[in-house]
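**Student:** Let me give you the structure first, and then I'll get to my questions.
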Amino acid sequence: MSSVRDIIRQNSNLRPRNPQEIQFIHHLSSYWDGFRLYKEDAVLRKAKSVVPIEEMEAKCIEKLAQLALDSTESEKRSSSLSSSEKYGKNDIFFQLLLEWFKKDFFKWYDCGFCENCQQKMTFQSRQQPNHEELVWLASIVEVYQCSKCEMLERFPRYNHPLKLLETRKGRCGEWRNCFTAICYAFNYEMRLVDDWNDHVWNEVYCQSQKRWIHCDCCENAYDTPLMYETGWGKKETYCIALSETEVQDVTWRYTREPEQVISRREFLCRPSWLNSVLLKLTKSLQEKLSPERRKFLTDRRIAEMVDFVWLPGSLKEVKEDELKGRISGAVNWKLSRNEMPEV
C-alpha cells in the first residue's frame, strides 16, 4: 500500500498549500501503517493471551442476564428500546473489555518514579531512540531523573503494539495503540481517531446498531462523544477517523457547535482540498476490495454522513457522562490543559 505522502505526490491537485495542510498530512501519515501491525500473528496471539477470557465471558453472561431482567421492567414503563435490545453479546463483551483495559491492564505514565527513594522523578530532556528502541518504533525518548539519588529513567514512546502489550504503560497514544491491538484479536472493527487538540481515541463499529460508536480506553468511556467538548472544554477543529478501509472526517459527531467548528477551520485546511484528500485516501485503501465490498462501505459511509447533517437551531442532547472532566493524567497536567473534572 502506498504511503499518504506518495499518494499526495502522485496527485498534483492534492498537494498542500499552507502549513496547516502540511500538518494535516503529517497527522494522517503518523498512523497510516498501524493496521498492518495489528494483523501480525505475533501481535494477535499476544493480545489474546493477556485477556482473562473465561472471566470476561462469565461477566458477559451475567450482564446479559441482568439486562434481560431490566428490559422486562422497562417494557412495563416505556416503549423505547431497552439496553438488551440495543446491544448484543459482542457489544457487551467489548464494553467489559474496555473497562478491564482501564482498570486492570494498562497504566498511565506521567513521569519516572524512583523505587529507591520512593518519589517521582523530574523531566530532564528528550532524546532520539537508540537502536533497540527503534526496533519497536519508538518516536522519541523522554528522560527523567531522581532529585535525590540522580538515577535516570528512559521512557521511549513506543508505537509497536507487541512492545506495548509487554510494557503496559504510556499516555493516550500508547493506550489507544495497545487497546486497538487487543480489539483486533477479538475481531472488532476499529477506527483510530486523531483529534487536532492533542488527544486520540477509537471508534468501534456496532453491528447491532449499524453505527460507529465512540470509545476512549484512557477514560473507560463508551458512546459519549460530546465529553471532550462539554466535559473537557475542548474547542474542536478536526477529528479524523482512519480504519483499514477508509478515512473519514467525524468531527461532527464530537460537537454540538458546528458553526463554531466551521469558523475555527476558516484559516486552516481548504474544505475542497480536505474532502478530495479523504476521498482519494479512502479509494486507495479500497482498491483491492471486491466491488460488492466497496459498495457496502460506500453505502455505510453515506449513511454516516447523513447522521452528521446539522439542522440550524437544533442542539444535541448532552448525557450526564459527557459533562465529566478528564480522568487520566496527573492533576497539575490536567489543570494546565483545563481538563480537570468538576468537584
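To be explicit about the labels: the chains of the C-alpha cells are called A, B, and onward in the order shown, and within each one the residues are counted from 1, while ligands get numbers from 1 in the order they are shown.
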Residues at most 7 Å from Gln20 of chain A, counting only C-alpha atoms, excluding those fewer than 2 positions away in the same chain, as a ChimeraX atom specification?

**Tutor:** /A:18,22-24,268-269

**Student:** For segment 304-308 of chain A, please output as a list of chain:residue names all residues within 8 Å (counting only C-alpha atoms; exclusion window: fewer than 6 positions along the same chain).

**Tutor:**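 Counting only C-alpha atoms, the residues come to A:Arg211, A:Trp252, A:Arg253.
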
**Student:** Would you kindly return, as a PyMOL selection string, each protein, DNA or RNA residue with an atom no farther than 12 Å from any atom of Ile240 of chain A, considering only C-alpha atoms and excluding same-chain residues fewer than 4 positions away?

**Tutor:** chain A and resi 24-25+27-28+31-32+191-197+199-203+236+246-254+274-275+277-278

**Student:** For Pro52 of chain A, please output as a list in words all residues within 12 Å (counting only C-alpha atoms; exclusion window: fewer than 3 positions along the same chain).

**Tutor:**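 The filter keeps Ala47, Lys48, Ser49, Glu55, Met56, Glu57, Ala58, Lys59, Phe93, Leu96, Leu97, Trp100, Phe101, Asp104, Phe105 and Ile182 of chain A.
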
**Student:** Please provide as number ranges by chain all residues within 6 Å of segment 169-176 of chain A, with the sequence filter that same-chain residues fewer than 6 positions apart are discarded (counting only C-alpha atoms).

**Tutor:** A: 106-109, 201

**Student:** From a DSSP calculation on the backbone, collect every residue of segment 14-188 of chain A in helix (DSSP H, G or I) and output the set as number ranges by chain.

**Tutor:** A: 14, 19-30, 34-38, 41-49, 53-77, 83-86, 89-105, 131-135, 161-167, 172-185

**Student:** Expressed in Å to a single decimal, how great is the separation between atom CA of Arg45 of chain A and atom CA of Leu137 of chain A?

**Tutor:**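 Computed distance, atom CA of Arg45 of chain A to atom CA of Leu137 of chain A, equals 19.6 Å.
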
**Student:** Please list as a PDB file with N, CA, C and O atoms, in the first residue's frame every residue within 12 Å of Phe94 of chain A, counting only C-alpha atoms and excluding residues in the same chain fewer than 5 positions away.

**Tutor:**
ATOM      1  N   VAL A  51      -5.702 -11.352  27.864  1.00  0.00           N
ATOM      2  CA  VAL A  51      -7.077 -11.103  28.307  1.00  0.00           C
ATOM      3  C   VAL A  51      -7.610 -12.315  29.085  1.00  0.00           C
ATOM      4  O   VAL A  51      -7.519 -13.448  28.611  1.00  0.00           O
ATOM      5  N   ILE A  53     -10.080 -14.350  29.354  1.00  0.00           N
ATOM      6  CA  ILE A  53     -11.263 -14.579  28.530  1.00  0.00           C
ATOM      7  C   ILE A  53     -12.385 -15.272  29.301  1.00  0.00           C
ATOM      8  O   ILE A  53     -13.553 -14.856  29.216  1.00  0.00           O
ATOM      9  N   MET A  56     -14.066 -12.879  31.577  1.00  0.00           N
ATOM     10  CA  MET A  56     -14.824 -11.894  30.813  1.00  0.00           C
ATOM     11  C   MET A  56     -16.108 -12.497  30.258  1.00  0.00           C
ATOM     12  O   MET A  56     -17.161 -11.858  30.249  1.00  0.00           O
ATOM     13  N   GLU A  57     -16.022 -13.750  29.790  1.00  0.00           N
ATOM     14  CA  GLU A  57     -17.210 -14.416  29.255  1.00  0.00           C
ATOM     15  C   GLU A  57     -18.261 -14.589  30.350  1.00  0.00           C
ATOM     16  O   GLU A  57     -19.455 -14.400  30.120  1.00  0.00           O
ATOM     17  N   LYS A  59     -18.644 -12.735  33.042  1.00  0.00           N
ATOM     18  CA  LYS A  59     -19.213 -11.417  33.330  1.00  0.00           C
ATOM     19  C   LYS A  59     -20.199 -11.002  32.245  1.00  0.00           C
ATOM     20  O   LYS A  59     -21.223 -10.360  32.518  1.00  0.00           O
ATOM     21  N   CYS A  60     -19.895 -11.373  31.009  1.00  0.00           N
ATOM     22  CA  CYS A  60     -20.756 -11.025  29.888  1.00  0.00           C
ATOM     23  C   CYS A  60     -22.114 -11.715  30.019  1.00  0.00           C
ATOM     24  O   CYS A  60     -23.165 -11.088  29.828  1.00  0.00           O
ATOM     25  N   TYR A  87     -27.906  -3.554  22.470  1.00  0.00           N
ATOM     26  CA  TYR A  87     -26.585  -4.155  22.389  1.00  0.00           C
ATOM     27  C   TYR A  87     -26.652  -5.673  22.426  1.00  0.00           C
ATOM     28  O   TYR A  87     -27.370  -6.257  23.235  1.00  0.00           O
ATOM     29  N   GLY A  88     -25.861  -6.317  21.557  1.00  0.00           N
ATOM     30  CA  GLY A  88     -25.755  -7.762  21.558  1.00  0.00           C
ATOM     31  C   GLY A  88     -24.612  -8.220  22.430  1.00  0.00           C
ATOM     32  O   GLY A  88     -23.933  -7.420  23.087  1.00  0.00           O
ATOM     33  N   LYS A  89     -24.352  -9.535  22.405  1.00  0.00           N
ATOM     34  CA  LYS A  89     -23.299 -10.112  23.245  1.00  0.00           C
ATOM     35  C   LYS A  89     -21.935  -9.518  22.923  1.00  0.00           C
ATOM     36  O   LYS A  89     -21.155  -9.205  23.834  1.00  0.00           O
ATOM     37  N   GLU A  99     -13.507  -1.707  30.035  1.00  0.00           N
ATOM     38  CA  GLU A  99     -13.397  -1.499  31.480  1.00  0.00           C
ATOM     39  C   GLU A  99     -12.180  -2.221  32.061  1.00  0.00           C
ATOM     40  O   GLU A  99     -11.434  -1.659  32.865  1.00  0.00           O
ATOM     41  N   TRP A 100     -11.969  -3.463  31.635  1.00  0.00           N
ATOM     42  CA  TRP A 100     -10.817  -4.246  32.102  1.00  0.00           C
ATOM     43  C   TRP A 100      -9.507  -3.576  31.713  1.00  0.00           C
ATOM     44  O   TRP A 100      -8.563  -3.491  32.508  1.00  0.00           O
ATOM     45  N   PHE A 101      -9.440  -3.078  30.477  1.00  0.00           N
ATOM     46  CA  PHE A 101      -8.213  -2.448  29.993  1.00  0.00           C
ATOM     47  C   PHE A 101      -7.852  -1.237  30.844  1.00  0.00           C
ATOM     48  O   PHE A 101      -6.687  -1.029  31.193  1.00  0.00           O
ATOM     49  N   PHE A 179      -4.804  -0.940  22.963  1.00  0.00           N
ATOM     50  CA  PHE A 179      -6.200  -1.360  23.036  1.00  0.00           C
ATOM     51  C   PHE A 179      -6.715  -1.795  21.668  1.00  0.00           C
ATOM     52  O   PHE A 179      -7.452  -2.787  21.546  1.00  0.00           O
ATOM     53  N   THR A 180      -6.321  -1.087  20.617  1.00  0.00           N
ATOM     54  CA  THR A 180      -6.741  -1.451  19.268  1.00  0.00           C
ATOM     55  C   THR A 180      -6.246  -2.844  18.914  1.00  0.00           C
ATOM     56  O   THR A 180      -6.972  -3.641  18.301  1.00  0.00           O
ATOM     57  N   ILE A 182      -5.677  -5.339  20.931  1.00  0.00           N
ATOM     58  CA  ILE A 182      -6.485  -6.317  21.659  1.00  0.00           C
ATOM     59  C   ILE A 182      -7.854  -6.476  20.998  1.00  0.00           C
ATOM     60  O   ILE A 182      -8.355  -7.597  20.832  1.00  0.00           O
ATOM     61  N   CYS A 183      -8.444  -5.375  20.594  1.00  0.00           N
ATOM     62  CA  CYS A 183      -9.756  -5.439  19.934  1.00  0.00           C
ATOM     63  C   CYS A 183      -9.668  -6.189  18.609  1.00  0.00           C
ATOM     64  O   CYS A 183     -10.588  -6.924  18.242  1.00  0.00           O
ATOM     65  N   TYR A 184      -8.575  -6.003  17.883  1.00  0.00           N
ATOM     66  CA  TYR A 184      -8.374  -6.729  16.633  1.00  0.00           C
ATOM     67  C   TYR A 184      -8.318  -8.240  16.885  1.00  0.00           C
ATOM     68  O   TYR A 184      -8.823  -9.030  16.078  1.00  0.00           O
ATOM     69  N   ALA A 185      -7.706  -8.639  17.982  1.00  0.00           N
ATOM     70  CA  ALA A 185      -7.597 -10.062  18.304  1.00  0.00           C
ATOM     71  C   ALA A 185      -8.961 -10.693  18.532  1.00  0.00           C
ATOM     72  O   ALA A 185      -9.123 -11.909  18.387  1.00  0.00           O
ATOM     73  N   PHE A 186      -9.956  -9.856  18.878  1.00  0.00           N
ATOM     74  CA  PHE A 186     -11.318 -10.354  19.090  1.00  0.00           C
ATOM     75  C   PHE A 186     -12.256  -9.943  17.949  1.00  0.00           C
ATOM     76  O   PHE A 186     -13.474  -9.947  18.099  1.00  0.00           O
ATOM     77  N   ASN A 187     -11.636  -9.594  16.810  1.00  0.00           N
ATOM     78  CA  ASN A 187     -12.371  -9.361  15.550  1.00  0.00           C
ATOM     79  C   ASN A 187     -13.324  -8.163  15.587  1.00  0.00           C
ATOM     80  O   ASN A 187     -14.347  -8.161  14.882  1.00  0.00           O
ATOM     81  N   TYR A 188     -13.002  -7.153  16.375  1.00  0.00           N
ATOM     82  CA  TYR A 188     -13.802  -5.935  16.344  1.00  0.00           C
ATOM     83  C   TYR A 188     -13.275  -5.024  15.231  1.00  0.00           C
ATOM     84  O   TYR A 188     -12.076  -4.946  14.992  1.00  0.00           O
ATOM     85  N   GLU A 189     -14.204  -4.342  14.565  1.00  0.00           N
ATOM     86  CA  GLU A 189     -13.834  -3.396  13.518  1.00  0.00           C
ATOM     87  C   GLU A 189     -13.574  -2.051  14.181  1.00  0.00           C
ATOM     88  O   GLU A 189     -14.478  -1.451  14.767  1.00  0.00           O
ATOM     89  N   MET A 190     -12.349  -1.567  14.059  1.00  0.00           N
ATOM     90  CA  MET A 190     -11.922  -0.398  14.812  1.00  0.00           C
ATOM     91  C   MET A 190     -11.489   0.746  13.899  1.00  0.00           C
ATOM     92  O   MET A 190     -11.004   0.535  12.793  1.00  0.00           O
ATOM     93  N   GLU A 203     -13.026   4.453  17.600  1.00  0.00           N
ATOM     94  CA  GLU A 203     -14.423   4.170  17.352  1.00  0.00           C
ATOM     95  C   GLU A 203     -14.524   2.692  17.011  1.00  0.00           C
ATOM     96  O   GLU A 203     -13.633   2.141  16.363  1.00  0.00           O
ATOM     97  N   VAL A 204     -15.586   2.043  17.464  1.00  0.00           N
ATOM     98  CA  VAL A 204     -15.828   0.636  17.176  1.00  0.00           C
ATOM     99  C   VAL A 204     -17.145   0.537  16.423  1.00  0.00           C
ATOM    100  O   VAL A 204     -18.100   1.260  16.735  1.00  0.00           O
ATOM    101  N   TYR A 205     -17.205  -0.357  15.432  1.00  0.00           N
ATOM    102  CA  TYR A 205     -18.450  -0.493  14.691  1.00  0.00           C
ATOM    103  C   TYR A 205     -19.374  -1.459  15.415  1.00  0.00           C
ATOM    104  O   TYR A 205     -19.022  -2.611  15.664  1.00  0.00           O
ATOM    105  N   CYS A 206     -20.560  -0.972  15.766  1.00  0.00           N
ATOM    106  CA  CYS A 206     -21.556  -1.771  16.490  1.00  0.00           C
ATOM    107  C   CYS A 206     -22.494  -2.413  15.472  1.00  0.00           C
ATOM    108  O   CYS A 206     -23.306  -1.723  14.840  1.00  0.00           O
ATOM    109  N   GLN A 207     -22.377  -3.733  15.320  1.00  0.00           N
ATOM    110  CA  GLN A 207     -23.187  -4.437  14.335  1.00  0.00           C
ATOM    111  C   GLN A 207     -24.672  -4.378  14.673  1.00  0.00           C
ATOM    112  O   GLN A 207     -25.522  -4.268  13.791  1.00  0.00           O
ATOM    113  N   ILE A 213     -19.335   3.756  17.039  1.00  0.00           N
ATOM    114  CA  ILE A 213     -19.519   4.253  18.400  1.00  0.00           C
ATOM    115  C   ILE A 213     -18.188   4.716  18.980  1.00  0.00           C
ATOM    116  O   ILE A 213     -17.179   4.005  18.915  1.00  0.00           O
ATOM    117  N   CYS A 215     -15.304   5.368  21.590  1.00  0.00           N
ATOM    118  CA  CYS A 215     -14.799   4.700  22.801  1.00  0.00           C
ATOM    119  C   CYS A 215     -13.394   5.220  23.092  1.00  0.00           C
ATOM    120  O   CYS A 215     -12.579   5.366  22.199  1.00  0.00           O
ATOM    121  N   CYS A 217     -10.321   4.383  25.641  1.00  0.00           N
ATOM    122  CA  CYS A 217      -9.819   3.433  26.640  1.00  0.00           C
ATOM    123  C   CYS A 217      -9.112   4.135  27.791  1.00  0.00           C
ATOM    124  O   CYS A 217      -9.036   3.586  28.894  1.00  0.00           O
ATOM    125  N   ASN A 220     -12.220   4.842  29.966  1.00  0.00           N
ATOM    126  CA  ASN A 220     -13.288   3.835  30.055  1.00  0.00           C
ATOM    127  C   ASN A 220     -14.610   4.477  29.625  1.00  0.00           C
ATOM    128  O   ASN A 220     -15.646   4.345  30.282  1.00  0.00           O
ATOM    129  N   ALA A 221     -14.568   5.195  28.513  1.00  0.00           N
ATOM    130  CA  ALA A 221     -15.735   5.929  28.010  1.00  0.00           C
ATOM    131  C   ALA A 221     -16.281   5.242  26.772  1.00  0.00           C
ATOM    132  O   ALA A 221     -15.516   4.881  25.862  1.00  0.00           O
ATOM    133  N   TYR A 222     -17.596   5.075  26.734  1.00  0.00           N
ATOM    134  CA  TYR A 222     -18.257   4.390  25.623  1.00  0.00           C
ATOM    135  C   TYR A 222     -19.492   5.175  25.199  1.00  0.00           C
ATOM    136  O   TYR A 222     -20.366   5.452  26.022  1.00  0.00           O
TER     137      TYR A 222
END

**Student:** With distances taken over only C-alpha atoms, which of A:Arg5, A:Val43, A:Asn338, A:Lys148 is nearest to Glu166 of chain A?

**Tutor:**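 Of A:Arg5, A:Val43, A:Asn338, A:Lys148, the one nearest Glu166 of chain A, counting only C-alpha atoms, is A:Val43.
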
**Student:** Pick the closest to Leu242 of chain A from A:His131, A:Ile92, A:Gln209, A:Leu281: which is it, counting only C-alpha atoms?

**Tutor:**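 Selected residue with least distance to Leu242 of chain A: A:Leu281.
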
**Student:** Skip Lys334 of chain A itself and residues of its chain fewer than 6 positions away, then list as a PDB file with C-alpha atoms, in the first residue's frame all residues within 12 Å of it, counting only C-alpha atoms.

**Tutor:**
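Saved as part-v2.pdb:
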ATOM      1  CA  ASP A 110       3.056  10.790  33.974  1.00  0.00           C
ATOM      2  CA  TRP A 232     -13.099  18.744  28.914  1.00  0.00           C
ATOM      3  CA  GLY A 233     -13.751  22.128  27.328  1.00  0.00           C
ATOM      4  CA  GLY A 325     -13.728  16.215  33.012  1.00  0.00           C
ATOM      5  CA  ARG A 326     -10.689  14.125  32.223  1.00  0.00           C
ATOM      6  CA  ILE A 327      -9.794  11.181  34.481  1.00  0.00           C
ATOM      7  CA  SER A 328      -6.385  10.141  33.137  1.00  0.00           C
ATOM      8  CA  MET A 340      -9.964  18.709  35.334  1.00  0.00           C
ATOM      9  CA  PRO A 341     -13.234  17.075  36.393  1.00  0.00           C
ATOM     10  CA  GLU A 342     -15.650  19.339  38.242  1.00  0.00           C
TER      11      GLU A 342
END

**Student:** Calculated over only C-alpha atoms, which of the candidates A:Thr224, A:Ser208, A:Asn177, A:Gln127 has the smallest distance to Phe155 of chain A?

**Tutor:**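 For Phe155 of chain A, the nearest of the candidates is A:Gln127.
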
**Student:** With only C-alpha atoms as the atoms that count, which of A:Cys114, A:Ser272, A:Gln145, A:Leu226 lies nearest to Asn13 of chain A?

**Tutor:**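 Between A:Cys114, A:Ser272, A:Gln145, A:Leu226, the residue approaching Asn13 of chain A most closely is A:Ser272.
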
**Student:** Write out as a list in words all residues of segment 14-184 of chain A that DSSP puts in strand (DSSP E) for this structure's backbone.

**Tutor:** Lys107, Trp108, Phe113, Cys114, Gln119, Lys120, Thr122, Phe123, Gln124, Ser125, Arg126, Gln127, Val141, Glu142, Val143, Tyr144, Gln145, Leu152, Glu153, Arg154, Phe155, Pro156, Lys169 and Gly170 of chain A

**Student:** Given the selection you just returned, output its residues as a file containing N, CA, C and O atoms, formatted as a short mmCIF file (atom, residue, chain, number, x, y, z; two decimals), in the first residue's frame.

**Tutor:**
data_model
loop_
_atom_site.label_atom_id
_atom_site.label_comp_id
_atom_site.auth_asym_id
_atom_site.auth_seq_id
_atom_site.Cartn_x
_atom_site.Cartn_y
_atom_site.Cartn_z
N LYS A 107 -1.47 1.13 32.34
CA LYS A 107 -1.21 2.16 33.35
C LYS A 107 -0.81 3.48 32.68
O LYS A 107 -0.09 3.49 31.69
N TRP A 108 -1.29 4.57 33.28
CA TRP A 108 -0.94 5.89 32.77
C TRP A 108 0.46 6.27 33.24
O TRP A 108 0.82 6.06 34.39
N PHE A 113 9.48 7.18 38.16
CA PHE A 113 9.34 7.02 39.62
C PHE A 113 10.54 6.24 40.15
O PHE A 113 10.86 5.16 39.66
N CYS A 114 11.25 6.83 41.11
CA CYS A 114 12.43 6.19 41.69
C CYS A 114 12.00 5.23 42.79
O CYS A 114 11.48 5.65 43.83
N GLN A 119 9.97 8.31 45.21
CA GLN A 119 9.48 9.63 44.83
C GLN A 119 9.46 9.76 43.30
O GLN A 119 10.14 9.02 42.59
N LYS A 120 8.66 10.72 42.85
CA LYS A 120 8.58 10.98 41.42
C LYS A 120 9.87 11.63 40.93
O LYS A 120 10.50 12.40 41.63
N THR A 122 11.92 13.98 37.94
CA THR A 122 11.64 15.20 37.18
C THR A 122 12.13 15.04 35.75
O THR A 122 13.14 14.38 35.49
N PHE A 123 11.42 15.67 34.84
CA PHE A 123 11.77 15.59 33.42
C PHE A 123 13.10 16.31 33.17
O PHE A 123 13.32 17.41 33.66
N GLN A 124 13.97 15.66 32.38
CA GLN A 124 15.27 16.24 32.07
C GLN A 124 15.43 16.62 30.60
O GLN A 124 15.86 17.72 30.27
N SER A 125 15.05 15.71 29.70
CA SER A 125 15.29 16.00 28.28
C SER A 125 14.54 15.01 27.39
O SER A 125 14.02 14.00 27.87
N ARG A 126 14.51 15.34 26.11
CA ARG A 126 14.03 14.40 25.09
C ARG A 126 15.21 14.00 24.23
O ARG A 126 16.02 14.84 23.85
N GLN A 127 15.30 12.71 23.95
CA GLN A 127 16.42 12.19 23.17
C GLN A 127 15.91 11.33 22.02
O GLN A 127 14.76 10.89 22.02
N VAL A 141 12.32 9.64 23.01
CA VAL A 141 12.55 9.11 24.35
C VAL A 141 12.57 10.26 25.35
O VAL A 141 13.29 11.24 25.16
N GLU A 142 11.77 10.16 26.40
CA GLU A 142 11.76 11.14 27.48
C GLU A 142 12.68 10.62 28.59
O GLU A 142 12.62 9.44 28.95
N VAL A 143 13.51 11.50 29.12
CA VAL A 143 14.45 11.11 30.17
C VAL A 143 14.08 11.83 31.47
O VAL A 143 13.88 13.05 31.49
N TYR A 144 13.97 11.05 32.56
CA TYR A 144 13.62 11.58 33.88
C TYR A 144 14.74 11.25 34.86
O TYR A 144 15.46 10.25 34.71
N GLN A 145 14.89 12.11 35.90
CA GLN A 145 15.96 11.92 36.89
C GLN A 145 15.43 12.12 38.30
O GLN A 145 14.62 13.01 38.56
N LEU A 152 18.60 7.85 36.54
CA LEU A 152 17.91 8.23 35.31
C LEU A 152 16.94 7.14 34.88
O LEU A 152 17.18 5.94 35.11
N GLU A 153 15.85 7.55 34.25
CA GLU A 153 14.90 6.61 33.67
C GLU A 153 14.53 7.08 32.27
O GLU A 153 14.21 8.24 32.06
N ARG A 154 14.59 6.15 31.32
CA ARG A 154 14.21 6.45 29.95
C ARG A 154 12.77 5.97 29.71
O ARG A 154 12.41 4.87 30.12
N PHE A 155 12.00 6.82 29.06
CA PHE A 155 10.63 6.44 28.70
C PHE A 155 10.48 6.56 27.18
O PHE A 155 10.14 7.61 26.66
N PRO A 156 10.74 5.47 26.44
CA PRO A 156 10.55 5.50 24.99
C PRO A 156 9.06 5.54 24.65
O PRO A 156 8.28 4.78 25.21
N LYS A 169 2.18 0.49 29.62
CA LYS A 169 2.15 1.84 30.18
C LYS A 169 2.34 2.86 29.06
O LYS A 169 2.89 2.55 27.99
N GLY A 170 1.88 4.08 29.33
CA GLY A 170 2.04 5.14 28.36
C GLY A 170 1.00 6.22 28.56
O GLY A 170 0.34 6.30 29.59
#

**Student:** What is the atom CA of Lys46 of chain A to atom CA of Asp91 of chain A distance in Å?

**Tutor:**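 Atom CA of Asp91 of chain A lies 22.2 Å from atom CA of Lys46 of chain A.
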